[in-house]
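Just protein_35.pdb here, PDB, C-alpha atoms:
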ATOM      1  CA  MET A   1     -19.196 -51.207  -1.877  1.00  0.00           C
ATOM      2  CA  SER A   2     -16.097 -49.288  -2.835  1.00  0.00           C
ATOM      3  CA  THR A   3     -12.606 -50.668  -3.133  1.00  0.00           C
ATOM      4  CA  PRO A   4     -10.654 -50.239   0.113  1.00  0.00           C
ATOM      5  CA  GLY A   5      -8.056 -47.506  -0.125  1.00  0.00           C
ATOM      6  CA  THR A   6      -9.739 -45.540  -2.897  1.00  0.00           C
ATOM      7  CA  THR A   7     -12.666 -43.855  -1.206  1.00  0.00           C
ATOM      8  CA  PRO A   8     -11.985 -41.143   1.336  1.00  0.00           C
ATOM      9  CA  SER A   9     -13.871 -41.011   4.586  1.00  0.00           C
ATOM     10  CA  THR A  10     -15.661 -37.757   5.323  1.00  0.00           C
ATOM     11  CA  THR A  11     -16.066 -36.925   8.993  1.00  0.00           C
ATOM     12  CA  SER A  12     -14.815 -33.759  10.649  1.00  0.00           C
ATOM     13  CA  SER A  13     -13.200 -35.938  13.313  1.00  0.00           C
ATOM     14  CA  ASP A  14     -10.652 -36.836  10.609  1.00  0.00           C
ATOM     15  CA  ALA A  15      -9.200 -33.345  10.917  1.00  0.00           C
ATOM     16  CA  HIS A  16      -6.288 -32.679  13.256  1.00  0.00           C
ATOM     17  CA  PRO A  17      -7.789 -32.013  16.735  1.00  0.00           C
ATOM     18  CA  ARG A  18      -6.500 -28.410  16.780  1.00  0.00           C
ATOM     19  CA  PHE A  19      -8.029 -27.752  13.363  1.00  0.00           C
ATOM     20  CA  ALA A  20     -11.302 -29.503  14.287  1.00  0.00           C
ATOM     21  CA  GLU A  21     -11.501 -27.172  17.311  1.00  0.00           C
ATOM     22  CA  ALA A  22     -10.842 -24.140  15.088  1.00  0.00           C
ATOM     23  CA  LEU A  23     -13.698 -25.249  12.803  1.00  0.00           C
ATOM     24  CA  ARG A  24     -16.020 -25.559  15.829  1.00  0.00           C
ATOM     25  CA  GLU A  25     -14.994 -22.146  17.171  1.00  0.00           C
ATOM     26  CA  LEU A  26     -15.669 -20.576  13.763  1.00  0.00           C
ATOM     27  CA  GLY A  27     -19.002 -22.380  13.459  1.00  0.00           C
ATOM     28  CA  LEU A  28     -17.844 -23.947  10.194  1.00  0.00           C
ATOM     29  CA  ASP A  29     -19.369 -27.201   9.054  1.00  0.00           C
ATOM     30  CA  VAL A  30     -17.036 -28.384   6.313  1.00  0.00           C
ATOM     31  CA  GLU A  31     -16.515 -31.812   4.841  1.00  0.00           C
ATOM     32  CA  VAL A  32     -13.091 -33.073   5.892  1.00  0.00           C
ATOM     33  CA  ARG A  33     -11.890 -35.878   3.660  1.00  0.00           C
ATOM     34  CA  ARG A  34      -9.274 -38.367   4.811  1.00  0.00           C
ATOM     35  CA  PHE A  35      -7.299 -40.238   2.174  1.00  0.00           C
ATOM     36  CA  PRO A  36      -5.391 -43.481   2.753  1.00  0.00           C
ATOM     37  CA  ASP A  37      -2.441 -42.103   0.807  1.00  0.00           C
ATOM     38  CA  ALA A  38      -0.764 -38.837   1.703  1.00  0.00           C
ATOM     39  CA  THR A  39      -1.996 -35.572   0.212  1.00  0.00           C
ATOM     40  CA  ARG A  40       1.186 -33.870   1.431  1.00  0.00           C
ATOM     41  CA  THR A  41       1.977 -32.152  -1.874  1.00  0.00           C
ATOM     42  CA  ALA A  42      -0.373 -30.151  -4.074  1.00  0.00           C
ATOM     43  CA  VAL A  43       0.049 -32.729  -6.850  1.00  0.00           C
ATOM     44  CA  GLU A  44      -0.864 -35.612  -4.503  1.00  0.00           C
ATOM     45  CA  ALA A  45      -3.853 -33.703  -3.138  1.00  0.00           C
ATOM     46  CA  ALA A  46      -5.221 -32.762  -6.570  1.00  0.00           C
ATOM     47  CA  ALA A  47      -4.863 -36.353  -7.788  1.00  0.00           C
ATOM     48  CA  ALA A  48      -6.629 -37.753  -4.705  1.00  0.00           C
ATOM     49  CA  ILE A  49      -9.459 -35.216  -4.844  1.00  0.00           C
ATOM     50  CA  GLY A  50      -9.797 -35.212  -8.614  1.00  0.00           C
ATOM     51  CA  CYS A  51      -9.571 -31.428  -8.953  1.00  0.00           C
ATOM     52  CA  GLU A  52      -7.320 -29.009 -10.824  1.00  0.00           C
ATOM     53  CA  LEU A  53      -3.880 -28.447  -9.302  1.00  0.00           C
ATOM     54  CA  SER A  54      -4.669 -24.713  -9.054  1.00  0.00           C
ATOM     55  CA  GLN A  55      -7.635 -25.510  -6.740  1.00  0.00           C
ATOM     56  CA  ILE A  56      -5.243 -26.686  -4.012  1.00  0.00           C
ATOM     57  CA  VAL A  57      -4.323 -24.111  -1.360  1.00  0.00           C
ATOM     58  CA  LYS A  58      -0.703 -24.360  -0.286  1.00  0.00           C
ATOM     59  CA  SER A  59      -0.174 -22.922   3.221  1.00  0.00           C
ATOM     60  CA  LEU A  60       3.514 -22.030   3.301  1.00  0.00           C
ATOM     61  CA  ILE A  61       5.456 -20.521   6.171  1.00  0.00           C
ATOM     62  CA  PHE A  62       8.262 -18.089   5.378  1.00  0.00           C
ATOM     63  CA  GLU A  63      10.581 -16.113   7.619  1.00  0.00           C
ATOM     64  CA  ALA A  64      10.637 -12.365   6.956  1.00  0.00           C
ATOM     65  CA  ASP A  65      13.532 -10.867   8.905  1.00  0.00           C
ATOM     66  CA  GLY A  66      13.162 -13.810  11.300  1.00  0.00           C
ATOM     67  CA  VAL A  67       9.384 -13.379  11.776  1.00  0.00           C
ATOM     68  CA  PRO A  68       7.053 -16.172  10.556  1.00  0.00           C
ATOM     69  CA  VAL A  69       4.622 -15.222   7.763  1.00  0.00           C
ATOM     70  CA  LEU A  70       2.006 -17.493   6.176  1.00  0.00           C
ATOM     71  CA  VAL A  71       1.644 -17.334   2.402  1.00  0.00           C
ATOM     72  CA  LEU A  72      -1.426 -18.939   0.802  1.00  0.00           C
ATOM     73  CA  MET A  73      -0.747 -19.925  -2.803  1.00  0.00           C
ATOM     74  CA  ASP A  74      -2.594 -21.984  -5.390  1.00  0.00           C
ATOM     75  CA  GLY A  75      -1.149 -25.424  -6.028  1.00  0.00           C
ATOM     76  CA  SER A  76      -0.022 -24.754  -9.585  1.00  0.00           C
ATOM     77  CA  SER A  77       2.024 -21.652  -8.754  1.00  0.00           C
ATOM     78  CA  ARG A  78       5.227 -20.908  -6.925  1.00  0.00           C
ATOM     79  CA  VAL A  79       5.799 -18.106  -4.431  1.00  0.00           C
ATOM     80  CA  ASP A  80       8.099 -15.322  -5.633  1.00  0.00           C
ATOM     81  CA  VAL A  81      10.137 -14.682  -2.487  1.00  0.00           C
ATOM     82  CA  GLU A  82      11.263 -11.287  -3.798  1.00  0.00           C
ATOM     83  CA  ARG A  83       7.635 -10.191  -4.243  1.00  0.00           C
ATOM     84  CA  VAL A  84       6.872 -11.361  -0.678  1.00  0.00           C
ATOM     85  CA  ARG A  85       9.885  -9.397   0.571  1.00  0.00           C
ATOM     86  CA  ALA A  86       8.705  -6.259  -1.252  1.00  0.00           C
ATOM     87  CA  GLU A  87       5.114  -6.718  -0.015  1.00  0.00           C
ATOM     88  CA  LEU A  88       6.296  -6.947   3.589  1.00  0.00           C
ATOM     89  CA  GLY A  89       9.042  -4.336   3.317  1.00  0.00           C
ATOM     90  CA  ALA A  90      11.400  -6.939   4.754  1.00  0.00           C
ATOM     91  CA  GLY A  91      15.151  -7.133   4.377  1.00  0.00           C
ATOM     92  CA  LYS A  92      15.312 -10.913   3.942  1.00  0.00           C
ATOM     93  CA  VAL A  93      12.672 -13.579   3.279  1.00  0.00           C
ATOM     94  CA  LYS A  94      13.273 -17.330   3.172  1.00  0.00           C
ATOM     95  CA  ARG A  95      11.281 -20.544   3.495  1.00  0.00           C
ATOM     96  CA  ALA A  96      10.895 -21.587   7.117  1.00  0.00           C
ATOM     97  CA  GLY A  97      12.352 -24.869   8.320  1.00  0.00           C
ATOM     98  CA  ALA A  98      10.200 -27.732   9.574  1.00  0.00           C
ATOM     99  CA  ASP A  99      10.757 -26.868  13.246  1.00  0.00           C
ATOM    100  CA  LEU A 100       9.624 -23.258  12.815  1.00  0.00           C
ATOM    101  CA  VAL A 101       6.594 -24.383  10.781  1.00  0.00           C
ATOM    102  CA  ARG A 102       5.493 -26.748  13.553  1.00  0.00           C
ATOM    103  CA  GLU A 103       6.300 -24.224  16.305  1.00  0.00           C
ATOM    104  CA  THR A 104       4.346 -21.453  14.542  1.00  0.00           C
ATOM    105  CA  THR A 105       1.347 -23.391  13.253  1.00  0.00           C
ATOM    106  CA  GLY A 106       1.166 -26.512  15.420  1.00  0.00           C
ATOM    107  CA  TYR A 107       1.167 -28.653  12.273  1.00  0.00           C
ATOM    108  CA  ALA A 108       3.755 -30.513  10.207  1.00  0.00           C
ATOM    109  CA  ILE A 109       4.710 -29.456   6.684  1.00  0.00           C
ATOM    110  CA  GLY A 110       2.269 -31.088   4.270  1.00  0.00           C
ATOM    111  CA  GLY A 111      -0.651 -30.749   6.677  1.00  0.00           C
ATOM    112  CA  VAL A 112      -0.699 -27.013   7.467  1.00  0.00           C
ATOM    113  CA  PRO A 113      -4.218 -25.579   7.091  1.00  0.00           C
ATOM    114  CA  PRO A 114      -4.798 -21.922   6.130  1.00  0.00           C
ATOM    115  CA  PHE A 115      -6.142 -21.067   9.622  1.00  0.00           C
ATOM    116  CA  GLY A 116      -6.467 -22.624  13.091  1.00  0.00           C
ATOM    117  CA  HIS A 117      -2.794 -22.150  13.936  1.00  0.00           C
ATOM    118  CA  ARG A 118      -1.073 -22.193  17.320  1.00  0.00           C
ATOM    119  CA  THR A 119       0.086 -18.578  16.924  1.00  0.00           C
ATOM    120  CA  LYS A 120      -1.286 -15.560  15.067  1.00  0.00           C
ATOM    121  CA  THR A 121       0.882 -14.697  12.091  1.00  0.00           C
ATOM    122  CA  ARG A 122       0.658 -12.247   9.233  1.00  0.00           C
ATOM    123  CA  VAL A 123      -1.009 -13.876   6.220  1.00  0.00           C
ATOM    124  CA  LEU A 124      -0.519 -13.036   2.558  1.00  0.00           C
ATOM    125  CA  ALA A 125      -3.009 -14.686   0.189  1.00  0.00           C
ATOM    126  CA  ASP A 126      -2.244 -14.704  -3.514  1.00  0.00           C
ATOM    127  CA  ARG A 127      -5.068 -13.320  -5.662  1.00  0.00           C
ATOM    128  CA  GLY A 128      -4.863 -16.397  -7.898  1.00  0.00           C
ATOM    129  CA  LEU A 129      -6.806 -18.333  -5.257  1.00  0.00           C
ATOM    130  CA  LEU A 130      -9.890 -16.326  -6.210  1.00  0.00           C
ATOM    131  CA  ASP A 131      -9.901 -17.847  -9.726  1.00  0.00           C
ATOM    132  CA  HIS A 132     -12.018 -20.763  -8.474  1.00  0.00           C
ATOM    133  CA  THR A 133     -15.403 -21.160  -6.783  1.00  0.00           C
ATOM    134  CA  THR A 134     -14.036 -23.928  -4.536  1.00  0.00           C
ATOM    135  CA  VAL A 135     -10.514 -24.609  -3.306  1.00  0.00           C
ATOM    136  CA  TRP A 136      -9.113 -27.449  -1.181  1.00  0.00           C
ATOM    137  CA  ALA A 137      -6.737 -27.049   1.754  1.00  0.00           C
ATOM    138  CA  ALA A 138      -5.062 -29.300   4.302  1.00  0.00           C
ATOM    139  CA  ALA A 139      -7.086 -30.036   7.449  1.00  0.00           C
ATOM    140  CA  GLY A 140      -4.084 -30.317   9.753  1.00  0.00           C
ATOM    141  CA  THR A 141      -2.643 -33.654   8.620  1.00  0.00           C
ATOM    142  CA  PRO A 142      -0.911 -34.897   5.444  1.00  0.00           C
ATOM    143  CA  HIS A 143      -3.929 -37.178   4.825  1.00  0.00           C
ATOM    144  CA  THR A 144      -6.826 -34.731   5.210  1.00  0.00           C
ATOM    145  CA  VAL A 145      -8.293 -31.917   3.122  1.00  0.00           C
ATOM    146  CA  PHE A 146     -11.411 -29.771   3.120  1.00  0.00           C
ATOM    147  CA  PRO A 147     -13.221 -27.663   0.496  1.00  0.00           C
ATOM    148  CA  LEU A 148     -14.193 -24.018   0.934  1.00  0.00           C
ATOM    149  CA  ASP A 149     -14.771 -20.984  -1.233  1.00  0.00           C
ATOM    150  CA  PRO A 150     -11.515 -19.021  -1.602  1.00  0.00           C
ATOM    151  CA  GLY A 151     -12.965 -15.765  -0.283  1.00  0.00           C
ATOM    152  CA  SER A 152     -13.776 -17.503   3.009  1.00  0.00           C
ATOM    153  CA  VAL A 153     -10.297 -19.046   3.161  1.00  0.00           C
ATOM    154  CA  VAL A 154      -8.745 -15.582   2.831  1.00  0.00           C
ATOM    155  CA  GLU A 155     -11.160 -14.034   5.345  1.00  0.00           C
ATOM    156  CA  LEU A 156     -10.846 -16.820   7.950  1.00  0.00           C
ATOM    157  CA  SER A 157      -7.047 -16.770   7.725  1.00  0.00           C
ATOM    158  CA  GLY A 158      -6.977 -13.008   8.196  1.00  0.00           C
ATOM    159  CA  GLY A 159      -5.175 -12.798   4.882  1.00  0.00           C
ATOM    160  CA  THR A 160      -4.318  -9.757   2.822  1.00  0.00           C
ATOM    161  CA  LEU A 161      -4.827 -10.247  -0.923  1.00  0.00           C
ATOM    162  CA  VAL A 162      -1.552  -9.732  -2.775  1.00  0.00           C
ATOM    163  CA  ASP A 163       0.200 -10.751  -5.989  1.00  0.00           C
ATOM    164  CA  VAL A 164       3.167 -12.858  -4.890  1.00  0.00           C
ATOM    165  CA  ARG A 165       3.229 -15.690  -7.405  1.00  0.00           C
ATOM    166  CA  GLU A 166       6.187 -16.191  -9.715  1.00  0.00           C
ATOM    167  CA  ARG A 167       5.459 -14.790 -13.133  1.00  0.00           C
ATOM    168  CA  THR A 168       5.992 -17.279 -15.927  1.00  0.00           C
ATOM    169  CA  ALA A 169       8.383 -16.164 -18.626  1.00  0.00           C
TER
END

Can the structure from this file be put into structure tokens for me?
Amino acid sequence: MSTPGTTPSTTSSDAHPRFAEALRELGLDVEVRRFPDATRTAVEAAAAIGCELSQIVKSLIFEADGVPVLVLMDGSSRVDVERVRAELGAGKVKRAGADLVRETTGYAIGGVPPFGHRTKTRVLADRGLLDHTTVWAAAGTPHTVFPLDPGSVVELSGGTLVDVRERTA
């Protein structure tokens, strides 16, 4: 018997209903893990899962000239907004506010999965995600995650592989 609060449960019904439906529609059978403590940040998620920070997929919504864009980034890196702007040929790019994130994706910040969103948006996936055989992403809530190979994450999200991470000095 495990100590209460330390062992995640692992049923797909733990995923947000919209995301669970997306998994069914895609025919994906993935293990969705629910944690008693939030996995809202990449650091929290990596600690809960017991994986490297870079194995976490951050699903971040930006506004490019007022249009929502999803950027998938590994948990140990930061998005270089200027590189996103150049990639999109946009005049101005900024992080989206919580209302736009929820309106665009159907999920709250900290629980946004890489696919299964309310609306179709352009997706940029940083190449750094491909450095691992398995990555972990939010399953629609701040308490749930699922593992998948990064190539499938990029493909299922409709992502374009790009280099948009901040370069370290």

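The coordinates place CA of Asp126 in chain A at 8.8 Å from CA of Val79 in chain A.
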
(message) I need the output of the PyMOL selection byres ((chain A and resi 43-59) around 10) for this file as a PyMOL selection string; which residues are they?
(response) chain A and resi 6-8+33-42+60-62+70-79+109-115+123-126+128-138+142-147+150+153

(request) Might you pull out every residue within 8 Å of Lys94 in chain A, with only C-alpha atoms counted and same-chain residues fewer than 5 positions away left off, and present them as a ChimeraX atom specification? (result) /A:62-64,81

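Pairwise distance (CA of Asp99 in chain A, CA of Arg83 in chain A) equals 24.4 Å.
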
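Our summary of the geometry notes that CA of Arg85 in chain A is positioned 14.8 Å from CA of Leu161 in chain A.
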
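Among the candidates A:Asp149, A:Pro68, A:Asp14, A:Leu88, the one nearest to Val101 in chain A when counting only C-alpha atoms is A:Pro68.
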
Return as a tab-separated table (two decimals) with C-alpha atoms, in the coordinates of the input the set of residues that the PyMOL selection byres ((chain A and resi 16-20) around 9) yields on the displayed structure.
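Just written: out-v6.tsv:
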chain	number	residue	atom	x	y	z
A	12	SER	CA	-14.82	-33.76	10.65
A	13	SER	CA	-13.20	-35.94	13.31
A	14	ASP	CA	-10.65	-36.84	10.61
A	15	ALA	CA	-9.20	-33.34	10.92
A	21	GLU	CA	-11.50	-27.17	17.31
A	22	ALA	CA	-10.84	-24.14	15.09
A	23	LEU	CA	-13.70	-25.25	12.80
A	24	ARG	CA	-16.02	-25.56	15.83
A	25	GLU	CA	-14.99	-22.15	17.17
A	106	GLY	CA	1.17	-26.51	15.42
A	107	TYR	CA	1.17	-28.65	12.27
A	111	GLY	CA	-0.65	-30.75	6.68
A	113	PRO	CA	-4.22	-25.58	7.09
A	115	PHE	CA	-6.14	-21.07	9.62
A	116	GLY	CA	-6.47	-22.62	13.09
A	117	HIS	CA	-2.79	-22.15	13.94
A	118	ARG	CA	-1.07	-22.19	17.32
A	139	ALA	CA	-7.09	-30.04	7.45
A	140	GLY	CA	-4.08	-30.32	9.75
A	141	THR	CA	-2.64	-33.65	8.62
A	144	THR	CA	-6.83	-34.73	5.21

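Of the residues listed (A:Leu148, A:Val69, A:Val164, A:Leu28), A:Val69 shows the shortest atom-to-atom separation from Val93 in chain A; distances use all atoms listed in the file.
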
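The residue that comes closest to Val84 in chain A, out of A:Asp65, A:Thr168, A:Val30, A:Gly158 and on the basis of all atoms listed in the file, is A:Asp65.
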
To test the calculation: enclose all listed atoms of range 65-80 of chain A in a box whose edges run along x, y and z, add 3 Å on each side, then state centre and edge lengths in Å to one decimal, as JSON.
{"center_x": 5.5, "center_y": -18.1, "center_z": 1.1, "size_x": 22.1, "size_y": 20.6, "size_z": 27.4}

(request) Select, from A:Leu26, A:Ala98, A:Thr121, A:Glu82, the residue with the minimum atom-to-atom distance to Val67 in chain A, counting only C-alpha atoms. (result) A:Thr121

Could you add the missing atoms to range 153-164 of chain A, up to all heavy atoms, and return them as an mmCIF file, keeping the file's coordinate frame?
data_model
loop_
_atom_site.group_PDB
_atom_site.id
_atom_site.type_symbol
_atom_site.label_atom_id
_atom_site.label_comp_id
_atom_site.auth_asym_id
_atom_site.auth_seq_id
_atom_site.Cartn_x
_atom_site.Cartn_y
_atom_site.Cartn_z
ATOM 1 N N VAL A 153 -11.638 -18.635 2.731
ATOM 2 C CA VAL A 153 -10.297 -19.046 3.161
ATOM 3 C C VAL A 153 -9.473 -17.803 3.498
ATOM 4 O O VAL A 153 -8.829 -17.737 4.543
ATOM 5 C CB VAL A 153 -9.589 -19.890 2.074
ATOM 6 C CG1 VAL A 153 -8.120 -20.100 2.419
ATOM 7 C CG2 VAL A 153 -10.282 -21.230 1.896
ATOM 8 N N VAL A 154 -9.516 -16.809 2.614
ATOM 9 C CA VAL A 154 -8.745 -15.582 2.831
ATOM 10 C C VAL A 154 -9.254 -14.862 4.077
ATOM 11 O O VAL A 154 -8.467 -14.458 4.945
ATOM 12 C CB VAL A 154 -8.812 -14.661 1.591
ATOM 13 C CG1 VAL A 154 -8.143 -13.315 1.873
ATOM 14 C CG2 VAL A 154 -8.173 -15.339 0.381
ATOM 15 N N GLU A 155 -10.567 -14.738 4.199
ATOM 16 C CA GLU A 155 -11.160 -14.034 5.345
ATOM 17 C C GLU A 155 -10.853 -14.741 6.664
ATOM 18 O O GLU A 155 -10.431 -14.112 7.638
ATOM 19 C CB GLU A 155 -12.673 -13.920 5.153
ATOM 20 C CG GLU A 155 -13.368 -13.166 6.261
ATOM 21 C CD GLU A 155 -14.875 -13.115 6.062
ATOM 22 O OE1 GLU A 155 -15.338 -13.191 4.911
ATOM 23 O OE2 GLU A 155 -15.583 -13.031 7.084
ATOM 24 N N LEU A 156 -11.050 -16.059 6.711
ATOM 25 C CA LEU A 156 -10.846 -16.820 7.950
ATOM 26 C C LEU A 156 -9.383 -16.860 8.376
ATOM 27 O O LEU A 156 -9.079 -16.958 9.563
ATOM 28 C CB LEU A 156 -11.395 -18.231 7.803
ATOM 29 C CG LEU A 156 -12.914 -18.317 7.677
ATOM 30 C CD1 LEU A 156 -13.335 -19.696 7.210
ATOM 31 C CD2 LEU A 156 -13.591 -17.953 8.978
ATOM 32 N N SER A 157 -8.480 -16.762 7.406
ATOM 33 C CA SER A 157 -7.047 -16.770 7.725
ATOM 34 C C SER A 157 -6.560 -15.384 8.135
ATOM 35 O O SER A 157 -5.444 -15.241 8.618
ATOM 36 C CB SER A 157 -6.233 -17.260 6.525
ATOM 37 O OG SER A 157 -6.269 -16.311 5.474
ATOM 38 N N GLY A 158 -7.411 -14.373 7.927
ATOM 39 C CA GLY A 158 -6.977 -13.008 8.196
ATOM 40 C C GLY A 158 -6.015 -12.515 7.135
ATOM 41 O O GLY A 158 -5.199 -11.627 7.376
ATOM 42 N N GLY A 159 -6.119 -13.097 5.950
ATOM 43 C CA GLY A 159 -5.175 -12.798 4.882
ATOM 44 C C GLY A 159 -5.402 -11.468 4.188
ATOM 45 O O GLY A 159 -6.512 -10.965 4.131
ATOM 46 N N THR A 160 -4.303 -10.946 3.671
ATOM 47 C CA THR A 160 -4.318 -9.757 2.822
ATOM 48 C C THR A 160 -4.106 -10.242 1.403
ATOM 49 O O THR A 160 -3.157 -11.000 1.136
ATOM 50 C CB THR A 160 -3.157 -8.809 3.202
ATOM 51 O OG1 THR A 160 -3.311 -8.443 4.574
ATOM 52 C CG2 THR A 160 -3.142 -7.575 2.331
ATOM 53 N N LEU A 161 -4.981 -9.837 0.472
ATOM 54 C CA LEU A 161 -4.827 -10.247 -0.923
ATOM 55 C C LEU A 161 -3.654 -9.512 -1.554
ATOM 56 O O LEU A 161 -3.566 -8.279 -1.479
ATOM 57 C CB LEU A 161 -6.104 -9.956 -1.712
ATOM 58 C CG LEU A 161 -7.208 -10.990 -1.592
ATOM 59 C CD1 LEU A 161 -8.438 -10.532 -2.350
ATOM 60 C CD2 LEU A 161 -6.757 -12.358 -2.068
ATOM 61 N N VAL A 162 -2.752 -10.282 -2.164
ATOM 62 C CA VAL A 162 -1.552 -9.732 -2.775
ATOM 63 C C VAL A 162 -1.246 -10.525 -4.044
ATOM 64 O O VAL A 162 -1.870 -11.550 -4.309
ATOM 65 C CB VAL A 162 -0.336 -9.833 -1.814
ATOM 66 C CG1 VAL A 162 -0.518 -8.932 -0.596
ATOM 67 C CG2 VAL A 162 -0.102 -11.272 -1.379
ATOM 68 N N ASP A 163 -0.292 -10.029 -4.822
ATOM 69 C CA ASP A 163 0.200 -10.751 -5.989
ATOM 70 C C ASP A 163 1.642 -11.157 -5.688
ATOM 71 O O ASP A 163 2.552 -10.337 -5.811
ATOM 72 C CB ASP A 163 0.136 -9.870 -7.233
ATOM 73 C CG ASP A 163 -1.294 -9.555 -7.634
ATOM 74 O OD1 ASP A 163 -2.067 -10.504 -7.812
ATOM 75 O OD2 ASP A 163 -1.633 -8.365 -7.754
ATOM 76 N N VAL A 164 1.823 -12.400 -5.246
ATOM 77 C CA VAL A 164 3.167 -12.858 -4.890
ATOM 78 C C VAL A 164 3.572 -14.149 -5.616
ATOM 79 O O VAL A 164 4.532 -14.793 -5.217
ATOM 80 C CB VAL A 164 3.322 -13.028 -3.351
ATOM 81 C CG1 VAL A 164 3.267 -11.691 -2.651
ATOM 82 C CG2 VAL A 164 2.285 -13.983 -2.778
#
